[in-house]
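Novice: Sharing data-v3.cif, mmCIF, C-alpha atoms:
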data_data
loop_
_atom_site.label_atom_id
_atom_site.label_comp_id
_atom_site.auth_asym_id
_atom_site.auth_seq_id
_atom_site.Cartn_x
_atom_site.Cartn_y
_atom_site.Cartn_z
CA MET A 21 0.00 0.00 0.00
CA ARG A 22 1.44 3.37 -1.02
CA PHE A 23 0.09 6.93 -0.95
CA ILE A 24 1.37 10.51 -1.23
CA VAL A 25 0.00 13.49 0.70
CA SER A 26 1.07 16.99 1.76
CA THR A 27 2.71 17.11 5.22
CA SER A 28 0.74 20.20 6.32
CA VAL A 29 -2.63 18.81 5.16
CA LEU A 30 -2.00 15.48 6.91
CA LEU A 31 -0.74 17.13 10.11
CA LYS A 32 -3.81 19.36 10.32
CA GLN A 33 -6.18 16.38 10.04
CA LEU A 34 -4.21 14.27 12.52
CA GLN A 35 -4.20 17.09 15.08
CA ALA A 36 -7.97 17.46 14.63
CA VAL A 37 -8.65 13.85 15.68
CA ASN A 38 -5.67 13.15 17.96
CA GLY A 39 -7.53 14.21 21.11
CA ALA A 40 -9.80 11.17 20.78
CA SER A 41 -6.91 8.69 20.98
CA SER A 42 -5.81 7.26 24.32
CA SER A 43 -2.45 6.46 25.87
CA SER A 44 -3.81 3.20 27.25
CA THR A 45 -1.48 0.69 28.84
CA VAL A 46 -4.26 -1.90 28.78
CA LEU A 47 -4.98 -1.51 25.05
CA PRO A 48 -1.85 -0.20 23.28
CA ILE A 49 -3.72 -0.26 19.94
CA LEU A 50 -5.55 2.90 21.14
CA GLU A 51 -2.25 4.80 20.84
CA ASN A 52 -2.56 4.46 17.05
CA PHE A 53 -4.39 6.15 14.21
CA LEU A 54 -6.24 3.85 11.86
CA PHE A 55 -5.40 4.69 8.22
CA GLU A 56 -7.76 3.29 5.57
CA ILE A 57 -7.43 4.04 1.85
CA LYS A 58 -10.16 3.52 -0.71
CA ASP A 59 -10.75 5.30 -4.05
CA GLY A 60 -8.02 7.86 -3.32
CA ILE A 61 -9.59 8.86 0.01
CA LEU A 62 -7.62 8.40 3.25
CA THR A 63 -9.88 7.87 6.27
CA ILE A 64 -8.16 8.51 9.62
CA SER A 65 -9.77 7.27 12.86
CA ALA A 66 -8.82 7.70 16.52
CA THR A 67 -10.67 6.40 19.58
CA ASP A 68 -10.49 5.82 23.34
CA LEU A 69 -13.56 3.51 23.16
CA GLN A 70 -15.81 6.22 24.67
CA THR A 71 -15.16 8.93 22.08
CA SER A 72 -14.14 8.41 18.45
CA MET A 73 -13.16 10.90 15.76
CA VAL A 74 -12.89 10.28 12.03
CA THR A 75 -11.62 12.57 9.26
CA PHE A 76 -11.27 12.19 5.50
CA LEU A 77 -8.79 13.63 3.00
CA GLN A 78 -7.82 13.10 -0.61
CA VAL A 79 -4.43 11.51 -1.30
CA GLU A 80 -2.55 10.23 -4.36
CA SER A 81 -3.01 6.47 -4.35
CA LYS A 82 -4.11 3.76 -6.74
CA GLU A 83 -4.25 1.11 -4.03
CA GLU A 84 -6.51 0.12 -1.17
CA GLY A 85 -5.53 -1.03 2.29
CA LYS A 86 -5.44 -0.21 5.99
CA ILE A 87 -2.88 -0.02 8.81
CA ALA A 88 -2.72 1.19 12.42
CA VAL A 89 0.02 3.85 12.71
CA PRO A 90 1.62 4.90 16.05
CA SER A 91 0.22 8.39 16.69
CA LYS A 92 2.96 10.06 18.76
CA ILE A 93 5.95 9.25 16.53
CA LEU A 94 4.02 10.23 13.40
CA LEU A 95 2.85 13.56 14.83
CA ASP A 96 6.32 14.37 16.18
CA THR A 97 7.82 13.68 12.74
CA LEU A 98 5.29 15.75 10.80
CA LYS A 99 5.64 18.73 13.17
CA THR A 100 9.34 19.04 12.26
CA LEU A 101 8.93 18.70 8.49
CA PRO A 102 8.37 21.64 6.11
CA ASP A 103 5.31 21.66 3.86
CA GLN A 104 6.15 19.13 1.15
CA PRO A 105 4.82 15.91 -0.38
CA ILE A 106 5.35 12.88 1.83
CA ALA A 107 5.08 9.25 0.68
CA PHE A 108 3.95 6.34 2.85
CA THR A 109 4.77 2.78 1.83
CA VAL A 110 3.21 -0.01 3.90
CA ASP A 111 4.04 -3.71 3.83
CA PRO A 112 0.77 -5.39 4.91
CA ALA A 113 2.53 -8.68 5.75
CA THR A 114 4.90 -7.18 8.36
CA SER A 115 3.06 -3.88 9.16
CA ALA A 116 6.33 -2.09 8.34
CA ILE A 117 5.86 1.57 7.37
CA GLU A 118 8.39 3.62 5.42
CA ILE A 119 7.97 7.39 5.17
CA SER A 120 9.84 9.33 2.51
CA ALA A 121 9.98 13.13 2.72
CA GLY A 122 12.50 15.12 0.66
CA ASP A 123 15.92 13.65 1.40
CA GLY A 124 14.71 11.83 4.53
CA LYS A 125 13.54 8.26 5.05
CA TYR A 126 11.90 7.11 8.28
CA LYS A 127 10.89 3.58 9.22
CA LEU A 128 8.48 2.50 11.91
CA THR A 129 6.29 -0.48 12.67
CA GLY A 130 2.51 -0.22 12.70
CA GLU A 131 -0.05 -2.71 13.93
CA SER A 132 -2.69 -4.79 12.21
CA ALA A 133 -5.77 -2.75 11.33
CA ASP A 134 -7.89 -5.76 12.36
CA ASP A 135 -6.91 -5.14 16.00
CA PHE A 136 -8.20 -1.55 15.92
CA PRO A 137 -11.63 -1.19 17.60
CA LYS A 138 -14.60 -0.78 15.28
CA ILE A 139 -15.82 2.82 15.18
CA PRO A 140 -19.44 2.68 16.43
CA VAL A 141 -22.38 3.47 14.18
CA VAL A 142 -25.42 5.27 15.61
CA GLU A 143 -28.42 3.16 14.60
CA ASN A 144 -32.15 3.99 14.83
CA ALA A 145 -31.15 7.61 15.34
CA SER A 146 -33.11 10.82 15.62
CA SER A 147 -31.45 13.94 14.21
CA VAL A 148 -31.20 17.69 14.66
CA SER A 149 -29.15 20.36 12.88
CA ILE A 150 -27.40 23.26 14.59
CA ALA A 151 -25.14 26.07 13.35
CA ALA A 152 -21.49 25.60 14.36
CA SER A 153 -21.41 29.04 16.02
CA VAL A 154 -24.50 28.22 18.10
CA LEU A 155 -23.08 24.84 19.15
CA ALA A 156 -19.74 26.45 20.08
CA GLU A 157 -21.55 29.09 22.14
CA SER A 158 -23.67 26.44 23.88
CA ILE A 159 -20.53 24.48 24.83
CA ASN A 160 -18.65 27.60 25.98
CA LYS A 161 -21.55 28.76 28.15
CA THR A 162 -21.95 25.44 29.99
CA ILE A 163 -18.80 23.30 29.97
CA PHE A 164 -16.95 25.34 32.61
CA ALA A 165 -19.71 24.57 35.14
CA VAL A 166 -19.50 20.78 34.69
CA SER A 167 -18.31 18.66 37.65
CA ASN A 168 -15.10 16.62 37.70
CA ASP A 169 -16.45 14.34 40.45
CA GLU A 170 -16.49 10.79 39.05
CA LEU A 171 -18.72 9.72 41.96
CA ARG A 172 -21.50 11.84 40.42
CA PRO A 173 -21.19 10.78 36.77
CA ALA A 174 -24.36 12.56 35.58
CA MET A 175 -22.82 15.92 36.49
CA THR A 176 -19.57 15.23 34.59
CA GLY A 177 -21.38 16.02 31.32
CA VAL A 178 -23.59 18.70 29.81
CA TYR A 179 -27.31 17.90 29.90
CA CYS A 180 -29.07 18.61 26.63
CA HIS A 181 -32.88 18.73 26.48
CA LEU A 182 -34.33 18.90 22.97
CA THR A 183 -37.97 19.88 22.39
CA PRO A 184 -40.05 21.10 19.43
CA LYS A 185 -39.87 24.65 20.86
CA SER A 186 -36.27 25.01 22.07
CA THR A 187 -33.08 23.26 23.18
CA THR A 188 -31.67 23.67 26.68
CA PHE A 189 -28.06 22.99 27.72
CA VAL A 190 -27.22 22.64 31.43
CA GLY A 191 -23.94 22.28 33.32
CA THR A 192 -23.58 22.04 37.10
CA ASP A 193 -21.20 20.88 39.83
CA ALA A 194 -23.65 21.57 42.72
CA HIS A 195 -21.86 24.86 43.57
CA LYS A 196 -22.68 26.62 40.32
CA LEU A 197 -25.17 25.94 37.55
CA VAL A 198 -25.66 27.29 34.03
CA ARG A 199 -28.85 26.93 32.01
CA TYR A 200 -28.48 28.02 28.40
CA ARG A 201 -31.58 27.88 26.22
CA ARG A 202 -31.82 28.38 22.44
CA THR A 203 -35.17 28.95 20.77
CA ASP A 204 -33.61 28.67 17.29
CA VAL A 205 -32.60 25.01 17.81
CA ARG A 206 -35.57 22.66 17.77
CA SER A 207 -36.18 18.95 17.47
CA GLU A 208 -39.27 17.24 16.11
CA THR A 209 -39.37 14.96 19.14
CA GLU A 210 -38.47 15.55 22.77
CA ALA A 211 -35.23 13.93 23.97
CA SER A 212 -32.68 14.25 26.78
CA LEU A 213 -28.96 13.47 26.45
CA ILE A 214 -25.96 13.86 28.76
CA LEU A 215 -22.93 14.65 26.59
CA PRO A 216 -19.50 13.87 28.12
CA LYS A 217 -17.10 16.72 28.81
CA LYS A 218 -14.23 15.22 26.78
CA ALA A 219 -16.36 14.86 23.65
CA LEU A 220 -17.59 18.46 23.96
CA SER A 221 -14.04 19.76 24.48
CA LEU A 222 -12.91 17.95 21.32
CA LEU A 223 -15.95 19.24 19.44
CA LYS A 224 -15.28 22.81 20.57
CA ALA A 225 -11.63 22.58 19.46
CA SER A 226 -12.46 21.22 16.01
CA LEU A 227 -15.51 23.31 15.08
CA PRO A 228 -14.62 25.51 12.09
CA SER A 229 -14.56 29.30 12.30
CA GLU A 230 -16.84 29.56 9.27
CA ASP A 231 -20.46 28.97 10.20
CA VAL A 232 -21.24 25.53 8.79
CA THR A 233 -24.18 23.38 9.85
CA VAL A 234 -23.48 20.55 12.28
CA SER A 235 -25.66 17.48 11.88
CA ILE A 236 -26.33 15.63 15.16
CA GLU A 237 -27.73 12.12 15.23
CA TYR A 238 -28.49 10.44 18.54
CA ASN A 239 -30.10 7.39 20.09
CA ALA A 240 -30.31 6.09 23.66
CA THR A 241 -26.59 5.31 23.93
CA SER A 242 -24.59 7.49 21.51
CA ALA A 243 -24.43 10.81 19.69
CA PHE A 244 -22.89 11.40 16.26
CA PHE A 245 -21.70 14.89 15.18
CA LYS A 246 -20.88 15.54 11.52
CA PHE A 247 -19.49 18.71 9.93
CA GLY A 248 -17.06 19.34 7.08
CA ASN A 249 -14.77 16.32 6.87
CA ILE A 250 -14.97 15.55 10.60
CA ASN A 251 -17.13 12.96 12.34
CA LEU A 252 -17.25 12.64 16.14
CA ILE A 253 -19.07 9.78 17.86
CA CYS A 254 -19.42 9.64 21.65
CA ARG A 255 -21.06 7.35 24.14
CA LEU A 256 -23.66 9.23 26.21
CA ILE A 257 -23.54 9.25 30.01
CA ASP A 258 -26.22 6.78 31.06
CA GLU A 259 -27.38 8.42 34.29
CA ARG A 260 -30.35 10.39 35.56
CA TYR A 261 -29.63 14.12 35.56
CA PRO A 262 -30.55 16.03 38.75
CA ASP A 263 -33.72 18.11 38.74
CA TYR A 264 -31.89 21.38 38.11
CA GLU A 265 -35.08 23.48 37.81
CA ALA A 266 -35.91 22.69 41.44
CA VAL A 267 -32.81 24.52 42.72
CA ILE A 268 -33.40 27.72 40.74
CA PRO A 269 -35.10 30.20 43.13
CA THR A 270 -38.10 31.91 41.58
CA LEU A 271 -38.74 34.78 44.02
CA ASN A 272 -35.74 37.13 44.01
CA PRO A 273 -36.85 40.62 45.04
CA ASN A 274 -33.30 42.01 45.36
CA LYS A 275 -31.89 42.92 41.94
CA LEU A 276 -28.41 44.35 41.39
CA SER A 277 -27.50 45.72 37.93
CA ILE A 278 -23.85 46.53 37.23
CA ASP A 279 -21.30 46.89 34.44
CA ARG A 280 -19.94 43.38 33.80
CA VAL A 281 -16.30 44.35 33.14
CA LEU A 282 -16.07 46.68 36.17
CA PHE A 283 -17.54 43.97 38.43
CA LEU A 284 -15.25 41.30 36.94
CA ASN A 285 -12.05 43.34 37.32
CA SER A 286 -12.95 44.33 40.87
CA LEU A 287 -13.49 40.67 41.84
CA ARG A 288 -10.17 39.70 40.24
CA ARG A 289 -8.33 42.19 42.44
CA VAL A 290 -10.23 41.58 45.66
CA VAL A 291 -9.94 37.76 45.49
CA ILE A 292 -6.13 38.10 45.65
CA TYR A 293 -6.58 39.02 49.32
CA ALA A 294 -9.19 36.34 50.10
CA ASN A 295 -8.69 33.05 51.91
CA LYS A 296 -6.96 30.68 49.46
CA THR A 297 -9.29 27.79 50.38
CA THR A 298 -12.69 29.48 50.28
CA HIS A 299 -11.97 32.40 47.87
CA GLN A 300 -14.77 34.12 49.75
CA VAL A 301 -15.78 37.68 48.91
CA ARG A 302 -18.47 39.69 50.66
CA LEU A 303 -20.92 41.79 48.70
CA LYS A 304 -22.55 44.53 50.76
CA ILE A 305 -25.25 46.42 48.86
CA ALA A 306 -26.79 49.64 50.13
CA GLY A 307 -28.69 52.01 47.86
CA SER A 308 -26.70 52.51 44.66
CA GLU A 309 -23.41 51.37 46.18
CA LEU A 310 -21.80 47.94 46.11
CA ASN A 311 -18.97 47.23 48.52
CA ILE A 312 -16.83 44.19 47.65
CA SER A 313 -14.46 42.96 50.35
CA SER A 314 -12.34 39.96 51.27
CA GLU A 315 -9.89 38.98 53.95
CA ASP A 316 -7.48 36.24 54.88
CA LEU A 317 -7.19 36.15 58.68
CA ASP A 318 -4.19 33.80 58.58
CA PHE A 319 -2.05 36.40 56.81
CA SER A 320 -3.84 39.62 57.90
CA ASN A 321 -4.66 40.38 54.26
CA GLU A 322 -7.78 42.32 53.31
CA ALA A 323 -9.20 44.28 50.40
CA HIS A 324 -12.18 46.62 49.92
CA GLU A 325 -13.58 48.16 46.75
CA ARG A 326 -16.61 50.33 46.13
CA LEU A 327 -18.59 50.34 42.87
CA SER A 328 -21.65 52.25 41.68
CA CYS A 329 -24.62 50.09 40.75
CA GLN A 330 -28.38 50.07 40.35
CA PHE A 331 -30.19 48.17 43.06
CA GLU A 332 -33.82 47.35 43.76
CA GLY A 333 -34.69 45.78 47.10
CA GLU A 334 -33.63 45.70 50.74
CA ASP A 335 -29.99 46.47 51.69
CA MET A 336 -28.19 43.17 52.12
CA GLU A 337 -24.90 41.29 52.56
CA ILE A 338 -24.05 38.01 50.89
CA GLY A 339 -20.90 35.91 50.48
CA PHE A 340 -19.80 34.11 47.30
CA ASN A 341 -16.84 32.11 46.08
CA ALA A 342 -15.21 34.77 43.86
CA LYS A 343 -13.67 32.12 41.57
CA PHE A 344 -17.18 30.98 40.58
CA LEU A 345 -18.40 34.54 39.97
CA ILE A 346 -15.31 35.32 37.88
CA GLU A 347 -15.81 32.19 35.75
CA MET A 348 -19.43 33.13 35.14
CA LEU A 349 -18.72 36.76 34.28
CA ASN A 350 -15.96 35.61 31.91
CA ASN A 351 -18.46 33.43 30.08
CA LEU A 352 -20.99 36.20 29.57
CA ASP A 353 -20.44 38.63 26.71
CA CYS A 354 -22.91 41.37 27.61
CA GLU A 355 -22.16 44.91 28.79
CA GLU A 356 -24.28 44.83 31.92
CA VAL A 357 -25.30 41.95 34.20
CA GLN A 358 -28.04 41.50 36.74
CA LEU A 359 -27.56 39.59 39.99
CA GLU A 360 -30.87 38.52 41.53
CA MET A 361 -30.99 37.47 45.19
CA SER A 362 -33.53 36.71 47.88
CA THR A 363 -31.62 36.17 51.14
CA SER A 364 -27.96 35.74 52.11
CA ASN A 365 -28.30 31.94 52.38
CA ARG A 366 -30.01 31.31 49.03
CA ALA A 367 -28.50 31.06 45.56
CA GLY A 368 -27.90 34.15 43.46
CA LEU A 369 -28.90 34.27 39.79
CA LEU A 370 -26.61 35.99 37.30
CA THR A 371 -28.08 36.96 33.92
CA PRO A 372 -27.37 39.48 31.16
CA SER A 373 -29.42 42.64 31.75
CA VAL A 374 -30.50 42.48 28.10
CA SER A 375 -31.01 39.07 26.48
CA GLU A 376 -29.82 38.37 22.94
CA GLU A 377 -32.33 37.20 20.36
CA ASN A 378 -33.03 33.43 20.45
CA GLU A 379 -31.01 32.86 23.62
CA ASP A 380 -31.71 32.78 27.34
CA VAL A 381 -28.79 32.35 29.72
CA LEU A 382 -29.10 31.93 33.47
CA MET A 383 -26.19 31.27 35.84
CA LEU A 384 -26.76 30.21 39.44
CA VAL A 385 -24.11 30.47 42.16
CA MET A 386 -24.50 29.11 45.67
CA PRO A 387 -23.60 31.50 48.53
CA VAL A 388 -20.89 30.75 51.09
CA MET A 389 -21.39 31.40 54.80
CA LEU A 390 -20.08 34.80 55.75
CA ASN A 391 -17.20 34.72 58.19
CA ASN A 392 -17.10 37.23 61.00
CA GLN A 393 -14.89 39.84 59.48
CA GLY A 394 -14.94 43.31 60.80
#
Show me, as C-alpha cells, the structure contained in the file I just sent.

Specialist:
Amino acid sequence: MRFIVSTSVLLKQLQAVNGASSSSTVLPILENFLFEIKDGILTISATDLQTSMVTFLQVESKEEGKIAVPSKILLDTLKTLPDQPIAFTVDPATSAIEISAGDGKYKLTGESADDFPKIPVVENASSVSIAASVLAESINKTIFAVSNDELRPAMTGVYCHLTPKSTTFVGTDAHKLVRYRRTDVRSETEASLILPKKALSLLKASLPSEDVTVSIEYNATSAFFKFGNINLICRLIDERYPDYEAVIPTLNPNKLSIDRVLFLNSLRRVVIYANKTTHQVRLKIAGSELNISSEDLDFSNEAHERLSCQFEGEDMEIGFNAKFLIEMLNNLDCEEVQLEMSTSNRAGLLTPSVSEENEDVLMLVMPVMLNNQG
C-alpha cells in the first residue's frame, strides 16, 4: 500500500482527531491512528472507546488497504517537516511503514488494522441540525460549570434537552449551575442526552470558524456529530440528571445591575486578598453602592472596593466564592449583568441585563457562609 499526501494537510487532520486517541497501557492499539485508503480517500480514525473521531482527505493512491500507525511518533515527525509531499509505503505482511519526505527516510512499525476497535455506528437515530457558532456558544456557556467528580457521573457532562420549541443545555457541579436555552434550535421529538465533557471539548476545538451546519444524530446510547470532513461519535452518560429546575429560586426581590467588566475586574483584584481555600468575597449592597471585600485572617490580608450600581430591594450582605463569579462573568459577553438574590443563604442568579435574540442564559451560584470579618 502506497500513498502521497502533503505534510501540512496530513498534520492538520491528525491534530484534529488526535484528542480522541488514548495512551492506554491496557490496550496499546488505542495509541494508534487507523489509516484506511479507498478510491483515493484516506480515512483517519482515533478512539479511546468512549469517544471516536474520524476525518477524510484526498491523497494520491491507486491502491486500497489499511494499517494502524503509532500516533505520537508520526505527529512528532510531521511537526518538524516543512510543507512538502510525503510518501507512505506499507508492507501489509509485516506492518512495516516507510515514510519518505524530501531527502529523509523514516521507518516504523505499525499494527494490524484488524486489532483496531470498530468505530461505532449510531443506529435507529433521531437527528437535529445546529449552526457551528450556536453549538460552540452552547458548549462555551456550559462546559466550565460541569463537575469533575467521578462519583457523580451525571454531572460530569452537559445535559441537553431537545424539544419542538427550544433546546436547553445545562452544566452544574452543585456549587454553580448554568442553564443556556436556544429557541432557534428545535427537534421534532423531545429527547434528553448527557454529553460527556471530553467529547464536547474535542468538538469545541475542532468546530470551524466559518459557520457551517453541524448534523447531530443520537439514540439512547450514543451521539454522532458531523461537519465538514470531521465525524465525532461519543457514548452518552447513562445516568439520571438532577432536577436542576428545582434549585433555581423563583422569588428574588433584590436585583443588582452593574457593568460586567467593572464587576469582573474588581473581583479579580479583591480575590487576591481572600482566603486561598474558600476564595470568599463579601458583597454589601446599600442604595446605589456595592462594597466588595475579602480577607485572609491567617495572613492579615484584606481588600475593599466600592462600585456604583443600580439596586432594587432591601440592603443586604451576601458571600460568594469569587472564583465561581469570575468564571461566570468571563463566560458572559454582555455589557451589563443583573444579579438577583432573595436572602444571604439562598442562591444568586446571574443573567445578562439584556437578552440576545433566540437565547436565554441563566447562571446560578451558591452562597458561602459569611465569616465574621470586621

Novice: Decode the PyMOL selection byres ((chain A and resi 122-135) around 8) for the given file into explicit residues and return them as a short mmCIF file (atom, residue, chain, number, x, y, z; two decimals) with C-alpha atoms, keeping the file's coordinate frame.

Specialist:
data_model
loop_
_atom_site.label_atom_id
_atom_site.label_comp_id
_atom_site.auth_asym_id
_atom_site.auth_seq_id
_atom_site.Cartn_x
_atom_site.Cartn_y
_atom_site.Cartn_z
CA ILE A 49 -3.72 -0.26 19.94
CA LEU A 54 -6.24 3.85 11.86
CA LYS A 86 -5.44 -0.21 5.99
CA ILE A 87 -2.88 -0.02 8.81
CA ALA A 88 -2.72 1.19 12.42
CA VAL A 89 0.02 3.85 12.71
CA PRO A 90 1.62 4.90 16.05
CA GLN A 104 6.15 19.13 1.15
CA PRO A 105 4.82 15.91 -0.38
CA ILE A 106 5.35 12.88 1.83
CA SER A 115 3.06 -3.88 9.16
CA ALA A 116 6.33 -2.09 8.34
CA ILE A 117 5.86 1.57 7.37
CA GLU A 118 8.39 3.62 5.42
CA ILE A 119 7.97 7.39 5.17
CA SER A 120 9.84 9.33 2.51
CA ALA A 121 9.98 13.13 2.72
CA PHE A 136 -8.20 -1.55 15.92
CA PRO A 137 -11.63 -1.19 17.60
#

Novice: With distances taken over all atoms listed in the file, which residue among A:Ser314, A:Asn249, A:Asn351, A:Ser308 lies nearest Asp335 (chain A)?

Specialist: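 Residue with the minimum atom-to-atom distance to Asp335 (chain A): A:Ser308.
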
Novice: Which value, in Å to one decimal, gives the distance between CA of Leu287 (chain A) and CA of Val267 (chain A)?

Specialist: 25.2 Å

Novice: Can you pull out the residues contacting Leu359 (chain A)? Cut-off 6 Å, using all atoms listed in the file, and skip same-chain residues under 2 positions away; I want them as a ChimeraX atom specification.

Specialist: /A:275-276,369-370

Novice: Which residues come within 8 Å of region 217-234 of chain A, counting all atoms listed in the file, excluding same-chain residues fewer than 6 positions away, as a list in words?

Specialist: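 That gives Ala36, Gly39, Ala40, Thr71, Ser149, Ile150, Ala151, Ala152, Ser153, Ala156, Ile159, Asn160, Ile163, Val166, Thr176, Gly177, Val178, Phe245, Lys246, Phe247, Gly248, Leu252 and Cys254 of chain A.
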
Novice: To one decimal place, how far is CA of Thr203 (chain A) from CA of Val154 (chain A) in Å?

Specialist: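 These two atoms are separated by 11.0 Å.
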
Novice: With only C-alpha atoms as the atoms that count, which of A:Ala323, A:Ile214, A:Ile57, A:Leu62 lies nearest to Val29 (chain A)?

Specialist: A:Leu62

Novice: So which residues are close to (-11.4, 12.0, 14.8), meaning at most 6 Å away in the file's coordinates with all atoms listed in the file counted, and can you show them as a ChimeraX atom specification?

Specialist: /A:37,65-66,72-75

Novice: Store the residues picked out above, limited to C-alpha atoms, as a PDB file, in the frame of the given file.

Specialist:
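Result went into out35.pdb, see below:
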ATOM      1  CA  VAL A  37      -8.650  13.850  15.680  1.00  0.00           C
ATOM      2  CA  SER A  65      -9.770   7.270  12.860  1.00  0.00           C
ATOM      3  CA  ALA A  66      -8.820   7.700  16.520  1.00  0.00           C
ATOM      4  CA  SER A  72     -14.140   8.410  18.450  1.00  0.00           C
ATOM      5  CA  MET A  73     -13.160  10.900  15.760  1.00  0.00           C
ATOM      6  CA  VAL A  74     -12.890  10.280  12.030  1.00  0.00           C
ATOM      7  CA  THR A  75     -11.620  12.570   9.260  1.00  0.00           C
TER       8      THR A  75
END

Novice: Could you state the separation of CA of Thr162 (chain A) and CA of Ser147 (chain A) in Å, given to one decimal place?

Specialist: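 Distance between the two atoms: 21.7 Å.
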
Novice: Suppose a student applies the PyMOL selection byres ((chain A and resi 209) around 9) to this structure; what residues should they get, written as a PyMOL selection string?

Specialist: chain A and resi 146+182-184+206-208+210-211

Novice: Kindly export the residues of the current selection with C-alpha atoms, as a compact mmCIF listing (two decimals), in the coordinates of the input.

Specialist:
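What landed in part.txt:
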# COMPACT_ATOMS: atom_id res chain seq x y z
CA SER A 146 -33.11 10.82 15.62
CA LEU A 182 -34.33 18.90 22.97
CA THR A 183 -37.97 19.88 22.39
CA PRO A 184 -40.05 21.10 19.43
CA ARG A 206 -35.57 22.66 17.77
CA SER A 207 -36.18 18.95 17.47
CA GLU A 208 -39.27 17.24 16.11
CA GLU A 210 -38.47 15.55 22.77
CA ALA A 211 -35.23 13.93 23.97

Novice: Give me the residues near Leu317 (chain A) as a list in words, where near means some atom within 9 Å (using all atoms listed in the file) and where sequence neighbours in that chain fewer than 3 positions away do not count.

Specialist: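 Residues near the query, excluding close chain neighbours: Ala294, Asn295, Ser320, Asn321, Glu322 and Gln393 of chain A.
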
Novice: Could region 371-388 of chain A be completed with N, CA and C atoms and written as a PDB file, keeping the file's coordinate frame, please?

Specialist:
ATOM      1  N   THR A 371     -27.578  36.969  35.295  1.00  0.00           N
ATOM      2  CA  THR A 371     -28.080  36.960  33.920  1.00  0.00           C
ATOM      3  C   THR A 371     -27.638  38.229  33.209  1.00  0.00           C
ATOM      4  N   PRO A 372     -27.609  38.213  31.867  1.00  0.00           N
ATOM      5  CA  PRO A 372     -27.370  39.480  31.160  1.00  0.00           C
ATOM      6  C   PRO A 372     -28.564  40.407  31.403  1.00  0.00           C
ATOM      7  N   SER A 373     -28.312  41.703  31.548  1.00  0.00           N
ATOM      8  CA  SER A 373     -29.420  42.640  31.750  1.00  0.00           C
ATOM      9  C   SER A 373     -30.332  42.686  30.532  1.00  0.00           C
ATOM     10  N   VAL A 374     -29.723  42.517  29.348  1.00  0.00           N
ATOM     11  CA  VAL A 374     -30.500  42.480  28.100  1.00  0.00           C
ATOM     12  C   VAL A 374     -30.191  41.167  27.402  1.00  0.00           C
ATOM     13  N   SER A 375     -31.212  40.369  27.123  1.00  0.00           N
ATOM     14  CA  SER A 375     -31.010  39.070  26.480  1.00  0.00           C
ATOM     15  C   SER A 375     -30.857  39.230  24.972  1.00  0.00           C
ATOM     16  N   GLU A 376     -29.977  38.405  24.396  1.00  0.00           N
ATOM     17  CA  GLU A 376     -29.820  38.370  22.940  1.00  0.00           C
ATOM     18  C   GLU A 376     -31.021  37.633  22.333  1.00  0.00           C
ATOM     19  N   GLU A 377     -31.245  37.881  21.056  1.00  0.00           N
ATOM     20  CA  GLU A 377     -32.330  37.200  20.360  1.00  0.00           C
ATOM     21  C   GLU A 377     -32.063  35.697  20.302  1.00  0.00           C
ATOM     22  N   ASN A 378     -33.079  34.904  20.527  1.00  0.00           N
ATOM     23  CA  ASN A 378     -33.030  33.430  20.450  1.00  0.00           C
ATOM     24  C   ASN A 378     -32.263  32.758  21.587  1.00  0.00           C
ATOM     25  N   GLU A 379     -31.743  33.528  22.549  1.00  0.00           N
ATOM     26  CA  GLU A 379     -31.010  32.860  23.620  1.00  0.00           C
ATOM     27  C   GLU A 379     -31.440  33.364  24.987  1.00  0.00           C
ATOM     28  N   ASP A 380     -31.365  32.454  25.951  1.00  0.00           N
ATOM     29  CA  ASP A 380     -31.710  32.780  27.340  1.00  0.00           C
ATOM     30  C   ASP A 380     -30.657  32.112  28.209  1.00  0.00           C
ATOM     31  N   VAL A 381     -29.851  32.928  28.897  1.00  0.00           N
ATOM     32  CA  VAL A 381     -28.790  32.350  29.720  1.00  0.00           C
ATOM     33  C   VAL A 381     -29.007  32.739  31.179  1.00  0.00           C
ATOM     34  N   LEU A 382     -28.927  31.724  32.035  1.00  0.00           N
ATOM     35  CA  LEU A 382     -29.100  31.930  33.470  1.00  0.00           C
ATOM     36  C   LEU A 382     -27.980  31.188  34.188  1.00  0.00           C
ATOM     37  N   MET A 383     -27.279  31.890  35.075  1.00  0.00           N
ATOM     38  CA  MET A 383     -26.190  31.270  35.840  1.00  0.00           C
ATOM     39  C   MET A 383     -26.509  31.383  37.326  1.00  0.00           C
ATOM     40  N   LEU A 384     -26.430  30.263  38.010  1.00  0.00           N
ATOM     41  CA  LEU A 384     -26.760  30.210  39.440  1.00  0.00           C
ATOM     42  C   LEU A 384     -25.487  29.938  40.228  1.00  0.00           C
ATOM     43  N   VAL A 385     -25.280  30.700  41.304  1.00  0.00           N
ATOM     44  CA  VAL A 385     -24.110  30.470  42.160  1.00  0.00           C
ATOM     45  C   VAL A 385     -24.587  30.364  43.608  1.00  0.00           C
ATOM     46  N   MET A 386     -24.116  29.311  44.284  1.00  0.00           N
ATOM     47  CA  MET A 386     -24.500  29.110  45.670  1.00  0.00           C
ATOM     48  C   MET A 386     -23.707  30.072  46.571  1.00  0.00           C
ATOM     49  N   PRO A 387     -24.347  30.587  47.627  1.00  0.00           N
ATOM     50  CA  PRO A 387     -23.600  31.500  48.530  1.00  0.00           C
ATOM     51  C   PRO A 387     -22.680  30.690  49.449  1.00  0.00           C
ATOM     52  N   VAL A 388     -21.720  31.384  50.037  1.00  0.00           N
ATOM     53  CA  VAL A 388     -20.890  30.750  51.090  1.00  0.00           C
ATOM     54  C   VAL A 388     -21.188  31.494  52.384  1.00  0.00           C
TER      55      VAL A 388
END
